[in-house]
Structure formats: structure tokens, C-alpha cells
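So this one's start_12.cif, mmCIF, C-alpha atoms:
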data_query
#
loop_
_atom_site.label_atom_id
_atom_site.label_comp_id
_atom_site.auth_asym_id
_atom_site.auth_seq_id
_atom_site.Cartn_x
_atom_site.Cartn_y
_atom_site.Cartn_z
CA MET Y 62 58.13 55.93 210.74
CA ALA Y 63 57.28 56.57 214.39
CA GLU Y 64 53.72 57.21 213.27
CA TYR Y 65 52.71 53.83 214.54
CA ILE Y 66 53.53 54.73 218.19
CA GLU Y 67 51.16 57.63 218.58
CA SER Y 68 52.17 58.82 222.07
CA LEU Y 69 55.84 58.80 221.08
CA GLN Y 70 55.06 60.75 217.95
CA ARG Y 71 53.10 63.32 219.92
CA LEU Y 72 55.94 63.71 222.42
CA ALA Y 73 58.42 64.21 219.58
CA GLU Y 74 56.12 66.89 218.14
CA GLN Y 75 56.18 68.74 221.46
CA PHE Y 76 59.98 68.69 221.54
CA GLY Y 77 59.99 69.82 217.91
CA ARG Y 78 58.14 72.99 218.89
CA LEU Y 79 61.15 74.14 220.94
CA GLN Y 80 63.34 76.73 219.26
CA GLY Y 81 66.21 75.20 217.30
CA VAL Y 82 65.04 71.59 217.60
CA GLY Y 83 64.64 69.74 214.29
CA ARG Y 84 62.59 66.62 213.60
CA LYS Y 85 65.42 64.14 214.13
CA SER Y 86 66.55 65.74 217.39
CA ALA Y 87 62.96 65.86 218.62
CA MET Y 88 62.58 62.13 218.04
CA ARG Y 89 65.90 61.42 219.76
CA MET Y 90 64.72 63.42 222.78
CA ALA Y 91 61.41 61.57 222.90
CA PHE Y 92 63.29 58.26 222.86
CA SER Y 93 65.54 59.60 225.58
CA VAL Y 94 62.57 60.26 227.87
CA LEU Y 95 61.43 56.64 227.47
CA GLU Y 96 64.67 55.55 229.11
CA TRP Y 97 63.88 57.60 232.22
CA SER Y 98 61.99 56.27 235.19
CA ASP Y 99 58.36 57.24 235.77
CA GLU Y 100 59.43 59.48 238.65
CA GLU Y 101 62.01 61.29 236.52
CA THR Y 102 59.46 61.93 233.78
CA GLU Y 103 56.92 63.23 236.27
CA GLU Y 104 59.54 65.54 237.74
CA PHE Y 105 60.30 66.90 234.27
CA ALA Y 106 56.59 67.54 233.72
CA ARG Y 107 56.27 69.27 237.11
CA THR Y 108 59.35 71.44 236.48
CA LEU Y 109 57.86 72.57 233.16
CA VAL Y 110 54.58 73.72 234.66
CA ASP Y 111 56.33 75.10 237.74
CA ALA Y 112 58.75 77.27 235.73
CA LYS Y 113 55.92 78.57 233.59
CA GLN Y 114 53.79 79.43 236.64
CA LYS Y 115 56.53 81.01 238.76
CA ILE Y 116 58.42 83.04 236.19
CA HIS Y 117 57.01 86.49 235.48
CA LEU Y 118 58.41 89.90 234.65
CA CYS Y 119 60.08 91.99 237.36
CA PRO Y 120 57.76 95.00 237.86
CA ILE Y 121 60.77 97.35 237.87
CA CYS Y 122 63.11 96.23 235.06
CA GLN Y 123 60.79 93.83 233.13
CA ASN Y 124 63.43 91.08 233.28
CA MET Y 125 62.22 87.54 233.95
CA THR Y 126 62.28 86.41 237.56
CA ASP Y 127 60.69 83.92 239.91
CA ARG Y 128 60.90 86.31 242.86
CA GLU Y 129 58.66 89.32 243.49
CA ILE Y 130 61.43 91.74 242.45
CA CYS Y 131 64.33 90.35 240.36
CA SER Y 132 67.70 89.66 241.96
CA VAL Y 133 69.37 92.64 240.26
CA CYS Y 134 66.72 95.20 241.23
CA SER Y 135 66.58 93.86 244.80
CA ASP Y 136 70.38 93.89 245.24
CA PRO Y 137 71.32 96.94 247.39
CA ALA Y 138 74.83 96.92 245.88
CA ARG Y 139 73.55 97.74 242.37
CA ASP Y 140 73.50 101.34 241.20
CA ARG Y 141 69.88 102.30 240.51
CA SER Y 142 70.95 105.60 238.90
CA VAL Y 143 72.37 103.75 235.86
CA VAL Y 144 69.91 101.79 233.69
CA CYS Y 145 71.12 99.63 230.81
CA VAL Y 146 68.33 99.19 228.23
CA VAL Y 147 68.49 95.80 226.47
CA THR Y 148 66.40 94.07 223.81
CA ASP Y 149 65.71 90.81 225.62
CA VAL Y 150 66.33 88.68 228.67
CA LYS Y 151 69.20 86.84 226.99
CA THR Y 152 71.18 90.10 226.77
CA VAL Y 153 70.85 90.52 230.54
CA PHE Y 154 72.38 87.07 230.95
CA ALA Y 155 75.23 87.98 228.58
CA MET Y 156 75.90 91.27 230.40
CA GLU Y 157 75.81 89.63 233.84
CA LYS Y 158 78.42 87.10 232.71
CA VAL Y 159 80.89 89.96 232.23
CA ARG Y 160 80.49 90.99 235.90
CA GLU Y 161 81.55 94.49 234.88
CA PHE Y 162 78.26 96.31 234.96
CA ARG Y 163 77.03 97.32 238.44
CA GLY Y 164 73.94 99.29 237.39
CA THR Y 165 70.46 97.92 236.71
CA TYR Y 166 68.64 96.85 233.54
CA HIS Y 167 65.53 97.57 231.59
CA VAL Y 168 64.32 94.88 229.19
CA LEU Y 169 62.37 96.14 226.14
CA HIS Y 170 61.23 92.64 225.02
CA GLY Y 171 61.83 93.40 221.36
CA LEU Y 172 62.84 96.13 218.94
CA ILE Y 173 60.68 98.55 217.00
CA SER Y 174 59.92 96.94 213.64
CA PRO Y 175 56.91 98.34 211.76
CA ILE Y 176 57.28 95.64 209.06
CA ASN Y 177 56.70 92.94 211.68
CA GLY Y 178 53.96 94.95 213.37
CA ILE Y 179 56.08 95.78 216.42
CA THR Y 180 55.20 99.34 217.31
CA PRO Y 181 56.70 101.18 220.34
CA GLU Y 182 53.51 100.48 222.33
CA LYS Y 183 54.25 96.75 222.19
CA LEU Y 184 57.61 97.21 223.94
CA LYS Y 185 58.30 98.07 227.60
CA ILE Y 186 59.04 101.70 226.73
CA LYS Y 187 56.26 103.24 228.83
CA GLU Y 188 57.71 101.43 231.87
CA LEU Y 189 61.18 102.85 231.09
CA LEU Y 190 59.85 106.39 230.90
CA GLU Y 191 58.07 105.90 234.24
CA ARG Y 192 61.33 104.79 235.86
CA VAL Y 193 63.26 107.71 234.41
CA GLY Y 194 60.42 110.08 235.34
CA SER Y 195 60.66 109.03 238.99
CA GLY Y 196 63.94 111.01 239.14
CA GLU Y 197 66.24 108.23 240.41
CA VAL Y 198 67.89 107.55 237.01
CA LYS Y 199 70.94 109.64 235.99
CA GLU Y 200 72.17 107.66 232.98
CA VAL Y 201 70.52 105.36 230.42
CA ILE Y 202 72.86 103.14 228.43
CA VAL Y 203 71.08 101.99 225.28
CA ALA Y 204 72.51 98.53 224.56
CA THR Y 205 70.43 97.38 221.60
CA ASN Y 206 72.20 95.39 218.87
CA PRO Y 207 73.91 97.41 216.12
CA THR Y 208 71.34 96.27 213.53
CA VAL Y 209 68.93 98.44 211.54
CA GLU Y 210 66.13 97.80 214.02
CA GLY Y 211 68.43 98.11 217.03
CA GLU Y 212 69.72 101.48 215.81
CA ALA Y 213 66.22 102.72 215.00
CA THR Y 214 64.98 101.76 218.46
CA ALA Y 215 68.02 103.42 220.06
CA MET Y 216 67.36 106.63 218.12
CA TYR Y 217 63.69 106.55 219.09
CA LEU Y 218 64.55 106.09 222.78
CA SER Y 219 67.20 108.82 222.78
CA LYS Y 220 64.63 111.29 221.44
CA LEU Y 221 62.06 110.24 224.04
CA LEU Y 222 64.62 110.58 226.84
CA LYS Y 223 65.91 114.00 225.78
CA PRO Y 224 63.36 116.03 227.85
CA PHE Y 225 64.51 114.32 231.06
CA GLU Y 226 67.98 115.92 230.79
CA ILE Y 227 69.83 112.79 231.86
CA ARG Y 228 72.89 111.20 230.24
CA VAL Y 229 71.96 108.82 227.40
CA THR Y 230 74.84 106.67 226.09
CA ARG Y 231 75.48 103.78 223.69
CA LEU Y 232 77.94 100.89 223.95
CA ALA Y 233 81.22 101.47 222.08
CA TYR Y 234 81.39 99.87 218.64
CA GLY Y 235 84.62 98.63 217.12
CA ILE Y 236 86.70 95.64 216.16
CA PRO Y 237 85.92 92.70 218.47
CA VAL Y 238 88.88 91.59 220.56
CA GLY Y 239 90.80 88.82 218.79
CA ALA Y 240 89.19 89.49 215.41
CA ASP Y 241 91.06 89.82 212.12
CA LEU Y 242 90.78 93.27 210.51
CA GLU Y 243 90.67 91.59 207.13
CA TYR Y 244 87.27 90.10 207.91
CA ALA Y 245 85.71 93.09 209.68
CA ASP Y 246 82.70 94.53 207.89
CA GLU Y 247 82.67 98.12 206.63
CA ILE Y 248 80.23 99.48 209.19
CA THR Y 249 82.24 98.06 212.09
CA LEU Y 250 85.45 99.49 210.64
CA GLN Y 251 83.70 102.84 210.20
CA HIS Y 252 82.66 102.79 213.86
CA ALA Y 253 86.15 101.68 214.91
CA LEU Y 254 87.74 104.58 213.03
CA LYS Y 255 85.26 107.14 214.34
CA GLY Y 256 85.77 105.94 217.90
CA ARG Y 257 89.60 105.77 217.69
CA ARG Y 258 91.61 106.71 220.77
CA ASP Y 259 95.09 108.13 221.46
CA PHE Y 260 97.73 105.85 222.85
CA MET J 216 74.25 83.30 234.76
CA ALA J 217 70.74 81.93 234.85
CA GLU J 218 71.46 80.86 238.43
CA TYR J 219 69.45 83.77 239.69
CA ILE J 220 66.19 82.48 238.15
CA GLU J 221 65.94 79.18 239.97
CA SER J 222 62.92 77.68 238.20
CA LEU J 223 64.43 78.49 234.80
CA GLN J 224 67.72 76.91 235.83
CA ARG J 225 65.93 73.78 237.01
CA LEU J 226 64.01 73.53 233.75
CA ALA J 227 67.23 73.87 231.76
CA GLU J 228 68.76 71.09 233.87
CA GLN J 229 65.86 68.80 232.94
CA PHE J 230 66.37 69.50 229.25
CA GLY J 231 70.09 68.94 229.72
CA ARG J 232 69.40 65.38 230.87
CA LEU J 233 68.07 64.48 227.42
CA GLN J 234 70.46 62.60 225.20
CA GLY J 235 72.56 64.86 222.98
CA VAL J 236 71.46 68.14 224.60
CA GLY J 237 74.29 70.37 225.85
CA ARG J 238 74.10 73.17 228.43
CA LYS J 239 73.57 75.99 225.95
CA SER J 240 70.88 74.13 224.02
CA ALA J 241 69.15 73.20 227.27
CA MET J 242 68.99 76.86 228.32
CA ARG J 243 67.71 77.88 224.87
CA MET J 244 64.96 75.27 225.17
CA ALA J 245 63.99 76.48 228.65
CA PHE J 246 63.73 80.05 227.32
CA SER J 247 61.69 78.73 224.44
CA VAL J 248 59.12 77.22 226.82
CA LEU J 249 58.68 80.59 228.54
CA GLU J 250 57.40 81.98 225.25
CA TRP J 251 54.62 79.37 225.15
CA SER J 252 51.19 79.89 226.65
CA ASP J 253 50.25 78.22 229.95
CA GLU J 254 48.00 75.81 228.05
CA GLU J 255 50.79 74.82 225.65
CA THR J 256 53.17 74.17 228.54
CA GLU J 257 50.59 72.07 230.37
CA GLU J 258 49.97 70.07 227.21
CA PHE J 259 53.70 69.39 226.90
CA ALA J 260 53.78 68.19 230.52
CA ARG J 261 50.74 65.97 229.95
CA THR J 262 52.20 64.50 226.75
CA LEU J 263 55.39 63.61 228.62
CA VAL J 264 53.63 61.69 231.39
CA ASP J 265 51.16 60.22 228.92
CA ALA J 266 53.87 58.83 226.61
CA LYS J 267 55.73 57.37 229.56
CA GLN J 268 52.59 55.71 230.94
CA LYS J 269 51.24 54.35 227.67
CA ILE J 270 54.38 53.08 225.98
CA HIS J 271 55.45 49.59 226.95
CA LEU J 272 57.06 46.63 225.20
CA CYS J 273 55.04 44.52 222.78
CA PRO J 274 54.72 41.08 224.48
CA ILE J 275 55.58 39.36 221.18
CA CYS J 276 58.46 41.27 219.58
CA GLN J 277 59.58 43.47 222.54
CA ASN J 278 59.36 46.60 220.38
CA MET J 279 57.90 49.72 221.99
CA THR J 280 54.21 50.31 221.47
CA ASP J 281 51.25 52.10 222.99
CA ARG J 282 48.82 49.38 221.89
CA GLU J 283 48.38 45.96 223.47
CA ILE J 284 50.23 44.26 220.59
CA CYS J 285 52.46 46.44 218.36
CA SER J 286 51.29 47.52 214.91
CA VAL J 287 53.72 45.16 213.13
CA CYS J 288 52.82 42.05 215.14
CA SER J 289 49.09 42.82 214.85
CA ASP J 290 49.24 43.42 211.08
CA PRO J 291 47.81 40.32 209.32
CA ALA J 292 49.81 41.19 206.16
CA ARG J 293 53.19 40.68 207.90
CA ASP J 294 54.91 37.34 207.60
CA ARG J 295 55.23 35.81 211.10
CA SER J 296 57.52 33.06 209.83
CA VAL J 297 60.37 35.54 209.28
CA VAL J 298 61.78 37.32 212.34
CA CYS J 299 64.39 40.06 212.02
CA VAL J 300 66.41 40.35 215.25
CA VAL J 301 67.56 43.93 215.94
CA THR J 302 69.53 45.62 218.72
CA ASP J 303 67.11 48.39 219.59
CA VAL J 304 63.87 50.14 218.76
CA LYS J 305 65.61 52.69 216.56
CA THR J 306 66.69 49.93 214.18
CA VAL J 307 63.05 48.90 213.76
CA PHE J 308 62.27 52.50 212.75
CA ALA J 309 65.16 52.47 210.26
CA MET J 310 64.06 49.14 208.77
CA GLU J 311 60.42 50.23 208.51
CA LYS J 312 61.47 53.32 206.57
CA VAL J 313 62.80 51.07 203.81
CA ARG J 314 59.35 49.44 203.40
CA GLU J 315 61.10 46.41 201.98
CA PHE J 316 60.85 44.01 204.89
CA ARG J 317 57.45 42.30 205.30
CA GLY J 318 58.34 39.94 208.16
CA THR J 319 58.25 40.74 211.90
CA TYR J 320 60.88 41.91 214.38
CA HIS J 321 62.45 40.91 217.65
CA VAL J 322 64.13 43.65 219.67
CA LEU J 323 67.02 42.52 221.89
CA HIS J 324 67.33 45.87 223.75
CA GLY J 325 71.11 45.79 223.70
CA LEU J 326 74.09 43.66 222.71
CA ILE J 327 76.06 41.19 224.78
CA SER J 328 78.93 43.10 226.37
CA PRO J 329 80.56 41.45 229.41
CA ILE J 330 82.78 44.53 229.93
CA ASN J 331 79.66 46.67 230.46
CA GLY J 332 77.97 43.97 232.52
CA ILE J 333 75.48 43.13 229.79
CA THR J 334 75.07 39.36 229.92
CA PRO J 335 72.67 37.42 227.65
CA GLU J 336 70.13 37.23 230.51
CA LYS J 337 69.74 41.02 230.39
CA LEU J 338 68.62 40.92 226.74
CA LYS J 339 65.32 39.68 225.29
CA ILE J 340 66.90 36.41 224.14
CA LYS J 341 64.70 34.12 226.24
CA GLU J 342 61.65 35.68 224.56
CA LEU J 343 63.19 35.06 221.11
CA LEU J 344 63.79 31.40 221.89
CA GLU J 345 60.19 31.06 223.09
CA ARG J 346 58.91 32.51 219.82
CA VAL J 347 61.11 30.23 217.76
CA GLY J 348 60.17 27.28 219.99
CA SER J 349 56.48 27.81 219.26
CA GLY J 350 57.16 26.47 215.75
CA GLU J 351 55.81 29.41 213.72
CA VAL J 352 59.23 30.86 212.81
CA LYS J 353 61.02 29.54 209.72
CA GLU J 354 63.82 32.12 209.37
CA VAL J 355 65.66 34.41 211.79
CA ILE J 356 67.58 37.30 210.19
CA VAL J 357 70.17 38.56 212.67
CA ALA J 358 70.49 42.29 211.95
CA THR J 359 72.86 43.45 214.69
CA ASN J 360 75.44 46.10 213.76
CA PRO J 361 78.73 44.85 212.28
CA THR J 362 80.66 45.85 215.42
CA VAL J 363 82.60 43.59 217.77
CA GLU J 364 79.64 43.34 220.14
CA GLY J 365 77.13 43.03 217.32
CA GLU J 366 79.10 40.17 215.76
CA ALA J 367 79.58 38.43 219.12
CA THR J 368 75.85 38.65 219.84
CA ALA J 369 75.05 37.36 216.35
CA MET J 370 77.40 34.39 216.83
CA TYR J 371 75.88 33.65 220.25
CA LEU J 372 72.34 33.72 218.81
CA SER J 373 73.20 31.55 215.80
CA LYS J 374 74.55 28.85 218.16
CA LEU J 375 71.44 29.05 220.36
CA LEU J 376 69.18 28.79 217.31
CA LYS J 377 70.98 25.84 215.73
CA PRO J 378 68.94 23.11 217.51
CA PHE J 379 65.70 24.53 216.09
CA GLU J 380 66.78 23.67 212.54
CA ILE J 381 65.46 26.87 211.01
CA ARG J 382 67.22 29.21 208.59
CA VAL J 383 69.43 31.76 210.38
CA THR J 384 70.76 34.57 208.15
CA ARG J 385 72.69 37.83 208.41
CA LEU J 386 72.31 41.06 206.42
CA ALA J 387 74.73 41.39 203.51
CA TYR J 388 77.81 43.50 204.22
CA GLY J 389 79.54 45.53 201.56
CA ILE J 390 80.27 48.96 200.20
CA PRO J 391 77.41 51.33 201.01
CA VAL J 392 75.63 52.66 197.93
CA GLY J 393 77.15 55.97 196.82
CA ALA J 394 80.30 55.53 198.92
CA ASP J 395 83.84 56.04 197.65
CA LEU J 396 85.96 52.87 197.67
CA GLU J 397 88.95 55.00 198.65
CA TYR J 398 87.42 55.67 202.05
CA ALA J 399 85.97 52.22 202.75
CA ASP J 400 87.52 50.52 205.78
CA GLU J 401 89.38 47.21 205.45
CA ILE J 402 86.76 45.07 207.14
CA THR J 403 84.00 46.41 204.89
CA LEU J 404 86.17 45.79 201.82
CA GLN J 405 86.89 42.29 203.07
CA HIS J 406 83.15 41.62 203.41
CA ALA J 407 82.48 43.19 200.02
CA LEU J 408 85.08 40.92 198.38
CA LYS J 409 83.88 37.81 200.15
CA GLY J 410 80.28 38.53 199.20
CA ARG J 411 81.03 39.43 195.57
CA ARG J 412 78.50 38.41 192.91
CA ASP J 413 78.61 37.53 189.21
CA PHE J 414 77.24 40.00 186.75
#
As C-alpha cells - that is how I would like this structure written.
Amino acid sequence: MAEYIESLQRLAEQFGRLQGVGRKSAMRMAFSVLEWSDEETEEFARTLVDAKQKIHLCPICQNMTDREICSVCSDPARDRSVVCVVTDVKTVFAMEKVREFRGTYHVLHGLISPINGITPEKLKIKELLERVGSGEVKEVIVATNPTVEGEATAMYLSKLLKPFEIRVTRLAYGIPVGADLEYADEITLQHALKGRRDF
Amino acid sequence: MAEYIESLQRLAEQFGRLQGVGRKSAMRMAFSVLEWSDEETEEFARTLVDAKQKIHLCPICQNMTDREICSVCSDPARDRSVVCVVTDVKTVFAMEKVREFRGTYHVLHGLISPINGITPEKLKIKELLERVGSGEVKEVIVATNPTVEGEATAMYLSKLLKPFEIRVTRLAYGIPVGADLEYADEITLQHALKGRRDF
């Protein structure tokens, strides 16, 4: 029934366009903004436009950045000879949280999915081949999700990378730490068995 | 680990200031904006500032509106002699959804709460008394929540309104429709018993 306050309704609609925000949450957020001061609201608006204008893709790894070259690619301590290929920017964030990986990334921005019209040309695969072709890369770790599309993309990449005679690896699959074997799915168990190790 | 994309981090912080939005949701929303076009982002920013600038309180009922007088107060079909006093704007929305009430509203913008420093002067009580004093109002329905503060505010208002010799009523309390008696709280049951009706 917010229809009778048009500007509020329109604001709620904008919030509703955000991923994972339903109608009720969108309206709550719109109300929330009305409790802010004019200055706070204007700052929010500026930050929105500012983020959109400043953030672009790193010309090397295709990750999002607001610098010329992203912070990983421009960090001299990172190993440029190891490139971890990921589906999207969120995976880079997840990997960086672990603080284990000291190589660099390459973001595909999607997975090959002919059904959804996503052909290899729509992904940042050409840019990956250019990087590998420059001779600096010694290993490519393909870290796509273990889904049908993730596996298909990984297979496609491994074939493309074969002529370069570099190491191409995948992340290890198995039972997640802390999980109950009883609830593990068959494919994961299969991978866990295949990848078993000696004590 | 979004710290290394400053403008994204700042955008997520802005989303995080909205009521009911946690850190993870805020970051997801910020990512979501990056998938929009420049035009869409600018429209969002404009809508924000626009809503904030246009929405103000209706000079009669103190409800939020982007017109001079709100749509309820300016509707000739609504009964100006009945005023429903509510705590906040959200209650007006809830009441309007029912489409049962044909009177007008008065929004207090809070409840009396000395502990939180909310004294009667901070609420729109003076404006209510002015409306009642003008002679047009014949009944005031006090529809504050049945909480300690809601009841205290209702009592306070009923005393203030006594000299005007108009009808002052409260909403009926009782078992909510569809609820299980087993789980009803004592106070609600008490009200339900007190307000019992003959078949």
C-alpha cells in the first residue's frame, strides 16, 4: 500500500532490483533511507555512482579493481608464474580470505553454457591464452566449481592450454572438513576415494 | 577481503547502514550494482536523492507524503471525524492494506519512553490536540501496540483528550485469527477473556 507515496515506491523498486532483495526488504530499506539526513543520502548516491565509475576490470587478470592494475597483479610478492583461473570475482575474494595462495588470478566472468548462450568467446579466455602465451606462466590451476558447467569449462581450458606445455592442475576434491560422511553425495565420495592418500 | 577495492568496500558500507542489512548482504548488494549499467546506477542515485527531497510529513496527519497534503487527508471520501492514532508510518501502511478503515490517521512518530529520552514533546501530540481542538474530530481510536510503552502512551493520550468530550477508543485485543490457544501469552488471553462476546 505504499503506492500512494510515489517517490518511496520508486525507491523501494530500485532496492528490489538488487540481487536477493525481496519486496518487503526493499520497502524496509526505502523507509530506512528516510530516517537518514539529507547529507547521508547524498553521500550514498555519490558512493553508488563513484563505485560504478571507478571500478573496471584489471587488464591483466580481469578481476575488478579501482586501480589501474589490481592489487594482486601489482603486488611484487605474488608469483606471476602461477595463475589460478576462477569463474567470478567472488571466488577471488573467497580464495584471498584463505591467505594460502601466493600466485595470481584470472577471472573468466562466467562458465561455458551453450544452453544459456554463453559461448567461450563471451568469457575472458582469449585474455588467458595471451597471458600464457607471453611465456611467464608455468602453472594454471583451474578452480571452477565442480558442477557440470564448471567441469566442462575446465576440460575445454585444459585442451586449449595443452600446446603451451605448462602444468595445468585442478583443486583437490573430497569430503569437506567437518562434514559427515553420511551426508556426502556420491560424486564427492567418488572423488574422495580416487584422491585417497597414504597415512 | 574486499578491502583492496576501496570504492566497492565503501559502497558495501553504505548498504550496511540500511536497517536489517548485514555485512554479507551489503557486499552482495554492492556486487549486484556493479552488474548494472551506468544509466541504471545513476537512476538509482537520483531516485535516492529525489525520495529524500520530496518526502515530508503531511501537515495534517504527520504521515509521510510526497504531495502537499497526503492522499488520505486529501481524499474527500475519508471520514475526517474519526482519527486513528498510530505509532509510525508503517502502521498506516498496515491499516491501509486492510481497506476496512475509512477515517483518517494521526502519526505520533514514536511512543513515550522516558528511559530512551522520548518525552511527549518529541512526539506529534501537540498536532493531534490542535486537530481535535478544531472541533471536526468526533472519535479518536488509539492504535498503539499493546506493549508497555504503547499502553503508557495510550493512557497519556486518553487523559489529554478527556476535556474535549469526544469518544476515545482502543483496538480490540484478543486471540489472533488462526492462532493456537496453547501458545497465546497470558496478557492476550486476559484481554480475550475480558473482551468476550455472546454468541
Item to check | Top pick for closest residue to Arg385 in chain J, considering J:Val264, J:Leu233, J:Ile356, J:Ile327 and counting only C-alpha atoms | outcome: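 Smallest separation from Arg385 in chain J among the options: J:Ile356.
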Checklist entry - Quick one: which residues from chain Y are at most 8 Å off chain J, using all atoms listed in the file, as a VMD selection string? => result chain Y and resid 62 to 63 65 to 69 71 to 72 75 79 to 81 89 to 90 93 to 95 99 102 to 103 105 to 116 125 to 127 132 154 to 155 157 to 158
Next on the checklist: Between CA of Glu129 in chain Y and CA of Gly231 in chain J, what is the distance in Å, rounded to a tenth?
Outcome noted: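 Result for CA of Glu129 in chain Y versus CA of Gly231 in chain J: 27.1 Å, one decimal.
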Checklist entry - CA of Ala215 in chain Y to CA of Arg141 in chain Y: how many Å, to one decimal? => result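 Here the two named atoms are 20.6 Å from each other.
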Checklist entry - What lies within 12 Å of Arg258 in chain Y using all atoms listed in the file, ignoring chain neighbours under 6 positions off, as number ranges by chain? => result Y: 233, 235, 252
Checklist entry - Separation of CA of Val168 in chain Y and CA of Ile121 in chain Y, in Å? => result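 Between these atoms lies a distance of 9.7 Å.
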Go ahead and find all residues with at least one atom no further than 12 Å from (70.1, 109.2, 242.2) in the file's coordinates, using all atoms listed in the file; report them as a short mmCIF file (atom, residue, chain, number, x, y, z; two decimals) with C-alpha atoms, keeping the file's coordinate frame.
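Full text of part.cif as output:
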data_model
loop_
_atom_site.label_atom_id
_atom_site.label_comp_id
_atom_site.auth_asym_id
_atom_site.auth_seq_id
_atom_site.Cartn_x
_atom_site.Cartn_y
_atom_site.Cartn_z
CA ARG Y 139 73.55 97.74 242.37
CA ASP Y 140 73.50 101.34 241.20
CA ARG Y 141 69.88 102.30 240.51
CA SER Y 142 70.95 105.60 238.90
CA VAL Y 143 72.37 103.75 235.86
CA VAL Y 144 69.91 101.79 233.69
CA GLY Y 164 73.94 99.29 237.39
CA ARG Y 192 61.33 104.79 235.86
CA VAL Y 193 63.26 107.71 234.41
CA GLY Y 194 60.42 110.08 235.34
CA SER Y 195 60.66 109.03 238.99
CA GLY Y 196 63.94 111.01 239.14
CA GLU Y 197 66.24 108.23 240.41
CA VAL Y 198 67.89 107.55 237.01
CA LYS Y 199 70.94 109.64 235.99
CA GLU Y 200 72.17 107.66 232.98
CA ILE Y 227 69.83 112.79 231.86
#
Atoms are missing here; could range 365-372 of chain J be completed with all heavy atoms and written as an mmCIF file, keeping the file's coordinate frame?
data_model
loop_
_atom_site.group_PDB
_atom_site.id
_atom_site.type_symbol
_atom_site.label_atom_id
_atom_site.label_comp_id
_atom_site.auth_asym_id
_atom_site.auth_seq_id
_atom_site.Cartn_x
_atom_site.Cartn_y
_atom_site.Cartn_z
ATOM 1 N N GLY J 365 78.214 43.475 218.203
ATOM 2 C CA GLY J 365 77.130 43.030 217.320
ATOM 3 C C GLY J 365 77.429 41.656 216.760
ATOM 4 O O GLY J 365 76.561 40.776 216.717
ATOM 5 N N GLU J 366 78.693 41.455 216.334
ATOM 6 C CA GLU J 366 79.100 40.170 215.760
ATOM 7 C C GLU J 366 79.078 39.074 216.825
ATOM 8 O O GLU J 366 78.615 37.962 216.571
ATOM 9 C CB GLU J 366 80.530 40.279 215.182
ATOM 10 C CG GLU J 366 80.646 41.192 213.967
ATOM 11 C CD GLU J 366 80.029 40.562 212.709
ATOM 12 O OE1 GLU J 366 79.795 39.344 212.700
ATOM 13 O OE2 GLU J 366 79.774 41.311 211.750
ATOM 14 N N ALA J 367 79.549 39.420 218.025
ATOM 15 C CA ALA J 367 79.580 38.430 219.120
ATOM 16 C C ALA J 367 78.165 37.989 219.457
ATOM 17 O O ALA J 367 77.895 36.793 219.629
ATOM 18 C CB ALA J 367 80.269 39.029 220.339
ATOM 19 N N THR J 368 77.242 38.968 219.530
ATOM 20 C CA THR J 368 75.850 38.650 219.840
ATOM 21 C C THR J 368 75.243 37.789 218.737
ATOM 22 O O THR J 368 74.515 36.820 219.009
ATOM 23 C CB THR J 368 75.033 39.943 220.027
ATOM 24 O OG1 THR J 368 75.704 40.773 220.986
ATOM 25 C CG2 THR J 368 73.633 39.657 220.513
ATOM 26 N N ALA J 369 75.565 38.114 217.492
ATOM 27 C CA ALA J 369 75.050 37.360 216.350
ATOM 28 C C ALA J 369 75.536 35.908 216.413
ATOM 29 O O ALA J 369 74.753 34.965 216.214
ATOM 30 C CB ALA J 369 75.488 38.020 215.051
ATOM 31 N N MET J 370 76.827 35.735 216.719
ATOM 32 C CA MET J 370 77.400 34.390 216.830
ATOM 33 C C MET J 370 76.697 33.600 217.932
ATOM 34 O O MET J 370 76.320 32.446 217.753
ATOM 35 C CB MET J 370 78.903 34.479 217.160
ATOM 36 C CG MET J 370 79.779 34.903 216.012
ATOM 37 S SD MET J 370 79.630 33.769 214.615
ATOM 38 C CE MET J 370 80.412 32.302 215.306
ATOM 39 N N TYR J 371 76.527 34.270 219.085
ATOM 40 C CA TYR J 371 75.880 33.650 220.250
ATOM 41 C C TYR J 371 74.469 33.177 219.875
ATOM 42 O O TYR J 371 74.078 32.039 220.158
ATOM 43 C CB TYR J 371 75.833 34.668 221.387
ATOM 44 C CG TYR J 371 75.207 34.152 222.663
ATOM 45 C CD1 TYR J 371 75.963 33.466 223.609
ATOM 46 C CD2 TYR J 371 73.861 34.376 222.928
ATOM 47 C CE1 TYR J 371 75.391 32.996 224.775
ATOM 48 C CE2 TYR J 371 73.278 33.910 224.096
ATOM 49 C CZ TYR J 371 74.043 33.221 225.016
ATOM 50 O OH TYR J 371 73.472 32.760 226.160
ATOM 51 N N LEU J 372 73.713 34.057 219.186
ATOM 52 C CA LEU J 372 72.340 33.720 218.810
ATOM 53 C C LEU J 372 72.305 32.555 217.818
ATOM 54 O O LEU J 372 71.476 31.651 217.927
ATOM 55 C CB LEU J 372 71.644 34.936 218.183
ATOM 56 C CG LEU J 372 71.265 36.058 219.142
ATOM 57 C CD1 LEU J 372 70.590 37.191 218.367
ATOM 58 C CD2 LEU J 372 70.329 35.537 220.236
#
